[in-house]
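Since the structure comes first, as structure tokens, the remarks are kept for the end.
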Amino acid sequence: MESFHIAAACGVVAIAVAWSSGCHAAVDEPVTPESKVPVSIKIIGFNDYHGHLESPGTYGATSAVPAAERPAVGGADFLAAHVAMLKRRNPLNVVVGAGDFVGASPLISAAFHDEPAVETLNRIGLEFNAVGNHEFDKGVGELLRLQNGGCKMTENQTDANSCRGASVGTPVPFEGAKFKWLSANVLSSSTGKPLLPAYGVKTFNDVKVAFIGMTLKATPTLVTPTGVAGLEFRDEAQTVNALIPELRAQGIESIVVLIHEGGVQAGSLSDINGCEGNLAGSAISGIVRQLDDAVDLVISGHTHSAYNCRLANAAGRNIPVTSAGSLGRLLTDIDVTIDPITKDITAVKATNRLVSRNDATVTADAAVAKIVDGYKSLVAPIANAVIGSISAALPNTRVDGACNMPAGNLIADSQLHATRTPGSGNAVIAFMNGGGVRNPGFGFEQSAANEGNGNITYGEAFDVQPFGNSLVTMTLTAKDIKDVLEEQFAGCRGQGATTTRFMIPSYGFKYTWDGSKRCDARISNVILTVGGSTEIIVDADGVVLDPAKAYRVTVNNFMADGGDGYSTFLKGSNRLVSAQDIDALVAFLSKYKAPRRPYDAVGIKEDQGTPRIQRVGASATCPTGANGNP
């Protein structure tokens with residue numbers, strides 16, 4: 001028999017399928033021969049779904065698998081089918097997530113306020129999900145609406161793109177999440193209570209298993225401030241450890257942490273079941289190192305990287321720490337054995353598995369496929385419209401050791417173009433944050449819309465720029481520009497201690513960095529070309545030539561508010577808020593729509609054929625860790 005309940009920090013309890021608000025104590029049960037039999041359960045985990053109703057493409061179990069041999073993966077219909085297949089292997093099962101299941105979604109979900117993501121997750125069978133940073137993209141009110149259901153209201157009436165269930169076969173009004181979002185460490189500043197339940201509990205053969213949901217503490221640096229206004233984000237490990245006595249008071253010894261924080265394997269093979277480097281120096285390894293020994297398993301996310309690790313906890317015991325990559329491409333299949341007498345987990349076997357669309361033994365879930373097809377039809381007229389063209393693929397990966405990003409170049413260029421006239425901001429520079437350029441960037445091959453090679457559809461552009469941020473043009477001094485470039489490096493000028501974040505500049509702006517030098521001495525050769533005129537802002541020795549000289553600079557509102565640790569932008573004066581990022585991108589690409597020539601970043605005259613970001617040293621690896629060193 002199974003039952004499950006949700007508990008907030010006070011221990012709210014519900015049994016079977018009903019929800020109630022009382023607390024209960026553990027009850028001693030007689031020991032029988034049957035009760036001595038180990039309880040085997042299956043936990044099915046995944047993370048960072050991001051509303052990917054459709055397949056994100058192909059994927060290999062390791063990076064060594066040739067591209068031509070990688071199967072098509074993901075898509076809500078096959079995700080549901082693979083979950084169902086795993087559930088059939090053990091009737092004692094639970095499906096859980098580690099956050100970012102909505103937000104930064106493709107147009108097929110984002111256009112309908114991520115209601116499609118929730119509706120498909122309901123039918124996939126998700127039960128508990130940690131809150132990720134992207135769940136806050138549209139603010140607390142919208143997250144609670146997605147949890148509780150109901151139509152999105154715009155100007156006191158139902159939004160035209162909300163509650164479209166009549167067209168896709170889902171309930172009207174919007175049903176809300178049948179699963180429970182959990183977040184133990186996110187508290188209301190006014191009440192001091194968790195915004196959402198701290199943990200959920202499911203019972204298997206009279207053995208209770210707790211799932212603690214955790215949001216990364218750094219969320220306020222990753223989300224527009226209005227999205228997390230009035231909330232407090234507490235330390236992850238301390239919050240988990242503080243809940244252990246409460247859980248044990250309920251007779252719970254089997255404890256799983258679902259956390260939206262993660263790491264990246266150190267090697268280049270990227271085996272989905274590997275753990276190269278043991279995630280050394282990552283945020284998740286530091287958190288696990290502080291966890292109480294009562295925690296038996298950690299299911300993580302956030303970094304979009306797959307791994308299957310065993311990392312040391314506070315007692316020095318190695319516990320399983322997993323991540324299923326992102327976008328529904330993988331599932332983590334976890335077999336757990338529990339001692340029915342002590343109620344503790346005695347064994348864990350975890351395996352990351354591809355959600356293959358080419359497996360002859362797995363048939364797509366018809367009900368979920370119908371929902372996906374319905375939303376696809378609704379959004380098709382907008383998504384398939386051609387808005388421009390490119391001369392070659394522009395990936396969102398860092399293509400060299402200096403950390404240039406082709407897709408980021410296009411976006412930064414579009415934002416400068418949208419704000420460069422006196423009436424729109426008079427900008428001479430634009431910066432784009434790398435994390436805001438979504439996978440996979442702009443491909444050259446035509447999509448299923450058959451738009452033709454090199455053409456970019458609105459849907460493709462939206463997939464790369466899904467946030468709906470506004471552009472903010474501000475006045476910064478030359479010293480401010482030098483400071484914010486230095487601020488890209490981990491631990492420098494308030495940047496987080498573990499992550500180096502390189503912005504992508506617009507055409508005409510170049511600089512050089514040297515990761516071997518100290519903070520505030522890494523940036524040199526900052527050069528700006530505008531209208532054929534070139535000036536040096538920072539010389540070869542790193543000296544700002546005219547520190548007080550003012551420049552108009554454009555960034556998105558997330559960065560303008562100090563997001564990604566770029567606090568120098570908070571100094572910007574004479575701010576002008578203008579177009580949304582996606583609108584600027586569409587307008588810019590229209591300049592390169594056939595029969596006009598396609599966009600070609602290499603051919604932009606202000607760049608003079610050289611990379612915008614240059615690096616001292618021969619490394620071909622773009623660093624993401626401390627001090628700007630690989």
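By order of appearance in the structure tokens: chains A, B, ..., then residues from 1 within every chain, and ligands from 1 in the order shown.
Proximity to Thr322 (chain A) at 7 Å, evaluated using only C-alpha atoms and with sequence-adjacent residues fewer than 5 positions away removed, yields Val298, Ile299, Ser300, Tyr307, Asn308 and Cys309 of chain A.
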Okay, now the selection with C-alpha atoms, as a compact mmCIF listing (two decimals), in the first residue's frame?
# COMPACT_ATOMS: atom_id res chain seq x y z
CA VAL A 298 20.56 13.76 -3.33
CA ILE A 299 18.83 14.40 -6.67
CA SER A 300 20.17 17.62 -8.13
CA TYR A 307 26.32 12.83 -13.66
CA ASN A 308 26.01 9.90 -11.31
CA CYS A 309 28.23 10.44 -8.29
Inset, instruction - Apply DSSP to the backbone of this structure and, from region 310-555 of chain A, keep only the residues in strand (DSSP E or B); write these as a count of residues only. - result: 85
Legend entry - Selected residue, from A:Val386, A:Ala350, A:Ala392, A:Ile527, that lies nearest to Ala594 (chain A) when counting only C-alpha atoms: A:Val386
Closest atom pairs, residues of region 273-340 of chain A within 10 Å of region 245-256 of chain A, only C-alpha atoms, as a Markdown table:
| residue | atom | partner | partner_atom | distance |
| --- | --- | --- | --- | --- |
| A:Asp293 | CA | A:Ile255 | CA | 9.9 |
| A:Ala294 | CA | A:Ile255 | CA | 6.7 |
| A:Val295 | CA | A:Ile255 | CA | 5.1 |
| A:Asp296 | CA | A:Ile255 | CA | 5.8 |
| A:Leu297 | CA | A:Val256 | CA | 4.9 |
| A:Val298 | CA | A:Val256 | CA | 5.9 |
| A:Ile299 | CA | A:Val256 | CA | 7.6 |
| A:Val336 | CA | A:Ser254 | CA | 9.9 |
| A:Thr337 | CA | A:Ser254 | CA | 9.9 |
| A:Ile338 | CA | A:Ser254 | CA | 7.6 |
| A:Asp339 | CA | A:Ser254 | CA | 9.4 |
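The nearest approach to Lys510 (chain A) among the residues A:Gly609, A:Gly436, A:Gly328, A:Pro220, with only C-alpha atoms taken into account, belongs to A:Gly609.
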Inset, instruction - Please provide the set of residues having any atom within 12 Å of Ala117 (chain A), restricted to only C-alpha atoms, with same-chain residues fewer than 6 positions apart removed, written as a ChimeraX atom specification. - result: /A:48-54,75-77,100-111,123-124,126,135,146-147,174-177,327-328,368,371-372,375
Resulting file, chosen residues, C-alpha atoms, as an mmCIF file, in the first residue's frame:
data_model
loop_
_atom_site.group_PDB
_atom_site.id
_atom_site.type_symbol
_atom_site.label_atom_id
_atom_site.label_comp_id
_atom_site.auth_asym_id
_atom_site.auth_seq_id
_atom_site.Cartn_x
_atom_site.Cartn_y
_atom_site.Cartn_z
ATOM 1 C CA ASP A 48 15.379 21.223 -15.742
ATOM 2 C CA TYR A 49 12.464 20.250 -17.990
ATOM 3 C CA HIS A 50 11.956 23.911 -18.993
ATOM 4 C CA GLY A 51 8.660 23.242 -20.742
ATOM 5 C CA HIS A 52 10.250 21.124 -23.482
ATOM 6 C CA LEU A 53 7.108 19.463 -24.764
ATOM 7 C CA GLU A 54 8.904 18.545 -27.974
ATOM 8 C CA GLY A 75 9.569 15.116 -25.748
ATOM 9 C CA ALA A 76 6.726 14.922 -23.252
ATOM 10 C CA ASP A 77 5.066 11.977 -25.036
ATOM 11 C CA ASP A 100 13.302 24.516 -13.348
ATOM 12 C CA PHE A 101 10.361 22.660 -14.838
ATOM 13 C CA VAL A 102 8.880 25.946 -16.067
ATOM 14 C CA GLY A 103 10.532 29.156 -17.245
ATOM 15 C CA ALA A 104 13.006 29.707 -20.096
ATOM 16 C CA SER A 105 10.662 27.471 -22.088
ATOM 17 C CA PRO A 106 10.199 27.086 -25.850
ATOM 18 C CA LEU A 107 7.382 29.059 -27.427
ATOM 19 C CA ILE A 108 5.018 26.049 -27.439
ATOM 20 C CA SER A 109 4.863 26.296 -23.639
ATOM 21 C CA ALA A 110 5.901 29.893 -22.921
ATOM 22 C CA ALA A 111 3.245 31.384 -25.210
ATOM 23 C CA ARG A 123 0.284 13.221 -17.039
ATOM 24 C CA ILE A 124 3.920 12.143 -16.893
ATOM 25 C CA LEU A 126 5.435 13.884 -11.390
ATOM 26 C CA GLU A 135 10.027 29.013 -11.275
ATOM 27 C CA LEU A 146 0.648 27.270 -11.668
ATOM 28 C CA GLN A 147 0.512 25.244 -8.453
ATOM 29 C CA PHE A 174 -6.413 25.437 -16.054
ATOM 30 C CA GLU A 175 -6.106 22.513 -13.639
ATOM 31 C CA GLY A 176 -2.900 23.528 -11.852
ATOM 32 C CA ALA A 177 -0.123 21.180 -10.831
ATOM 33 C CA LEU A 327 15.188 19.202 -21.212
ATOM 34 C CA GLY A 328 13.725 15.730 -20.661
ATOM 35 C CA VAL A 368 0.295 13.415 -23.856
ATOM 36 C CA ILE A 371 -1.822 17.726 -25.808
ATOM 37 C CA VAL A 372 1.523 18.505 -27.443
ATOM 38 C CA TYR A 375 -0.513 23.365 -28.486
#
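Between Cys622 (chain A) and the candidates A:Leu394, A:Ala548, A:Ala402, A:Ile345, the tightest atom-to-atom separation, counting only C-alpha atoms, involves A:Ala402.
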Legend entry - Atomic separation - CA of Tyr59 (chain A) relative to CA of Gly388 (chain A), Å: 27.9 Å
Inset, instruction - Name the residues of region 268-497 of chain A that come out as alpha helix (DSSP H) in a backbone DSSP run; write them as an NGL selection string. - result: :A and (283-288 or 366-383 or 406-419 or 458-464 or 478-486)
Atoms kept (C-alpha atoms) for selection, written as a short mmCIF file (atom, residue, chain, number, x, y, z; two decimals), in the first residue's frame:
data_model
loop_
_atom_site.label_atom_id
_atom_site.label_comp_id
_atom_site.auth_asym_id
_atom_site.auth_seq_id
_atom_site.Cartn_x
_atom_site.Cartn_y
_atom_site.Cartn_z
CA ALA A 283 28.26 24.25 -5.31
CA ILE A 284 26.58 20.86 -4.90
CA SER A 285 29.70 19.14 -3.57
CA GLY A 286 30.07 21.87 -0.96
CA ILE A 287 26.46 21.46 0.11
CA VAL A 288 26.63 17.65 0.30
CA ALA A 366 -1.02 9.02 -26.89
CA ALA A 367 -2.79 11.27 -24.39
CA VAL A 368 0.29 13.41 -23.86
CA ALA A 369 1.04 13.47 -27.59
CA LYS A 370 -2.46 14.83 -28.21
CA ILE A 371 -1.82 17.73 -25.81
CA VAL A 372 1.52 18.51 -27.44
CA ASP A 373 0.01 18.40 -30.92
CA GLY A 374 -2.82 20.66 -29.79
CA TYR A 375 -0.51 23.37 -28.49
CA LYS A 376 1.74 22.96 -31.50
CA SER A 377 -1.19 23.72 -33.78
CA LEU A 378 -2.20 26.73 -31.72
CA VAL A 379 1.25 28.28 -31.82
CA ALA A 380 2.28 27.24 -35.35
CA PRO A 381 1.23 30.42 -37.24
CA ILE A 382 3.47 32.49 -34.99
CA ALA A 383 6.27 30.00 -34.50
CA PRO A 406 28.32 33.36 -31.77
CA ALA A 407 24.66 33.31 -30.72
CA GLY A 408 25.44 35.89 -28.05
CA ASN A 409 27.04 38.14 -30.67
CA LEU A 410 23.80 38.24 -32.65
CA ILE A 411 21.71 39.01 -29.59
CA ALA A 412 24.05 41.74 -28.34
CA ASP A 413 24.07 43.25 -31.83
CA SER A 414 20.27 43.28 -31.93
CA GLN A 415 20.09 45.04 -28.59
CA LEU A 416 22.58 47.70 -29.63
CA HIS A 417 20.71 48.22 -32.88
CA ALA A 418 17.42 48.66 -30.97
CA THR A 419 18.83 51.33 -28.67
CA TYR A 458 10.11 33.28 -34.72
CA GLY A 459 9.86 30.05 -32.76
CA GLU A 460 13.58 29.41 -33.11
CA ALA A 461 14.41 32.96 -32.06
CA PHE A 462 12.11 32.70 -29.06
CA ASP A 463 13.73 29.44 -27.98
CA VAL A 464 17.05 31.27 -27.76
CA ALA A 478 34.82 54.31 -18.48
CA LYS A 479 35.84 53.12 -15.02
CA ASP A 480 32.45 51.47 -14.56
CA ILE A 481 32.96 49.59 -17.82
CA LYS A 482 36.38 48.38 -16.68
CA ASP A 483 34.92 47.39 -13.30
CA VAL A 484 32.02 45.38 -14.72
CA LEU A 485 34.39 43.51 -17.03
CA GLU A 486 36.55 42.65 -14.01
#
Legend entry - Non-local contacts of Thr475 (chain A) (8 Å; only C-alpha atoms; under 6 positions in same chain excluded) as a list in words: Ala550, Tyr551, Arg552, Val553, Gly572, Ser573, Asn574 and Arg575 of chain A
Residues from last step as file, C-alpha atoms, as a PDB file, in the first residue's frame:
ATOM      1  CA  ALA A 550      30.472  58.671 -20.009  1.00  0.00           C
ATOM      2  CA  TYR A 551      29.094  56.011 -22.349  1.00  0.00           C
ATOM      3  CA  ARG A 552      25.558  54.839 -23.017  1.00  0.00           C
ATOM      4  CA  VAL A 553      25.323  51.085 -22.451  1.00  0.00           C
ATOM      5  CA  GLY A 572      24.030  53.225 -14.152  1.00  0.00           C
ATOM      6  CA  SER A 573      22.277  56.577 -14.382  1.00  0.00           C
ATOM      7  CA  ASN A 574      19.722  58.158 -16.737  1.00  0.00           C
ATOM      8  CA  ARG A 575      18.059  54.833 -17.377  1.00  0.00           C
TER       9      ARG A 575
END
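Each of A:Ala218, A:Ala314, A:Ala587, A:Ala560 was compared to Ala237 (chain A) using only C-alpha atoms, and A:Ala314 turns out to be the nearest.
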